[in-house]
Amino acid sequence: MIDWNLVETTFLDMDGTLLDLHFDNHFWQEHVPLRYAQRHGLALTEAKTLLYQRFRRAEGTLAWYSVDYWSGELGLDIAELKEEVASRIGMRPHVEEFLTALRAAGKRLVLVTNAHGKTVTLKFRRTGIERYLDAVICAHDLGLAKEHAPFWEQLQEIEPFAPNRTLLIDDSLPVLRCARAYGIRHLLAIRQPDLRGPEKDCGEFSAIESFRALLPVA
């Protein structure tokens, strides 16, 4: 699927790519509404209706990914709530095997995520995935989400890369399209970001079901 002789740098998304998106979906769709309903004396269905509307308005912005933003908006300690269900955090199958092979092949491995720093810290603590990475880039540090073109320009300044020799693996079609517009040549989507959910339409992008499909790395 990938000619590794043509790839020097691999940019990897975190949630839904290296890690199972089940944790995030459960957290925002079930756990936060439950705690919000308990806090405000609402029925769970009512809380979900109210919150889902607010979530949709923030999609595509850094606010959507910000622990601090939602803590302020909802009057809940989002970081603490994530700890309550942190046992659901997990890597996707064959991720460690894939990352180990990339490192052995001398490829540069960079995590490029929209996740808030507090979320990244929690997930690193639960998975230890950071030990495989050469660098970690959080969109919050740049002040721009990956869905926006200036993000990739700023990324180039702090993590120089040759777009035609770079691979991006991400579960977000808007992110993949933005990276393609910037000139990143090798792009892969994730067929089933939430391993307990349905497969998704990956549009015009090639997609993988498992990182085993990318092995061996030469």
# chains A, B, ... in the order shown; residues from 1 in each chain; ligands from 1
$ residues_around --residues "A:Asp20" --least-positions-apart "2" --cutoff "12 Å" --atoms "only C-alpha atoms" --output "PyMOL selection string"
chain A and resi 13-18+22-26+88-95+123+127+171+190-197+209-210
$ closest_residue --among "A:Tyr36, A:Phe205, A:Phe151, A:Phe11" --to "A:Arg108" --atoms "only C-alpha atoms"
A:Phe11
$ closest_residue --among "A:Tyr65, A:Tyr182, A:Trp152, A:Tyr132" --to "A:Thr100" --atoms "only C-alpha atoms"
A:Tyr132
$ atom_distance --atom1 "atom CA of A:Asp77" --atom2 "atom CA of A:Glu130"
25.2 Å
$ closest_residue --among "A:Leu42, A:Ala105, A:Val7, A:Ile2" --to "A:Phe161" --atoms "only C-alpha atoms"
A:Val7
$ atom_distance --atom1 "atom CA of A:Trp4" --atom2 "atom CA of A:Ala218"
6.1 Å
$ closest_residue --among "A:Gly183, A:Ala86, A:Glu30, A:Ser66" --to "A:Thr49" --atoms "only C-alpha atoms"
A:Glu30
$ closest_residue --among "A:Val32, A:Leu81, A:Leu144, A:Leu99" --to "A:Tyr52" --atoms "only C-alpha atoms"
A:Val32
$ select_by_dssp --residues "stretch 141-177 of chain A" --states "helix (DSSP H, G or I)" --output "VMD selection string"
chain A and resid 141 to 142 149 to 158 163 to 165 173 to 177
$ write_last_selection --atoms "C-alpha atoms" --output "compact mmCIF listing (two decimals), in the first residue's frame"
# COMPACT_ATOMS: atom_id res chain seq x y z
CA ASP A 141 0.36 24.95 20.90
CA LEU A 142 0.11 26.38 17.40
CA ALA A 149 -4.34 25.48 6.00
CA PRO A 150 -2.13 27.79 8.14
CA PHE A 151 -1.61 24.88 10.56
CA TRP A 152 0.54 23.04 8.03
CA GLU A 153 2.55 26.18 7.26
CA GLN A 154 3.32 26.62 10.95
CA LEU A 155 4.08 22.92 11.33
CA GLN A 156 6.66 23.24 8.57
CA GLU A 157 8.43 25.94 10.58
CA ILE A 158 8.81 23.87 13.76
CA PRO A 163 5.67 17.18 1.62
CA ASN A 164 6.38 14.82 -1.28
CA ARG A 165 8.21 12.43 1.06
CA LEU A 173 -11.37 13.60 5.97
CA PRO A 174 -11.21 17.41 6.42
CA VAL A 175 -7.69 17.05 7.85
CA LEU A 176 -6.59 14.76 5.02
CA ARG A 177 -7.99 17.15 2.42
$ residues_around --residues "A:Gly106" --least-positions-apart "5" --cutoff "10 Å" --atoms "only C-alpha atoms" --output "PyMOL selection string"
chain A and resi 8-9+101+217-218
$ residues_around --residues "A:Arg35" --least-positions-apart "2" --cutoff "12 Å" --atoms "only C-alpha atoms" --output "list in words"
Phe27, Trp28, Gln29, Glu30, His31, Val32, Pro33, Ala37, Gln38, Arg39, His40, Gly41, Leu42, Ala43, Leu44, Ala47, Lys48, Leu51, Leu74, Gly75, Leu76, Asp77, Ile78, Glu80, Leu81, Lys82 and Glu84 of chain A
$ residues_around --residues "A:Asp134" --least-positions-apart "3" --cutoff "10 Å" --atoms "only C-alpha atoms" --output "PyMOL selection string"
chain A and resi 103+107-111+130-131
$ atom_distance --atom1 "atom CA of A:Leu102" --atom2 "atom CA of A:Ala207"
18.6 Å
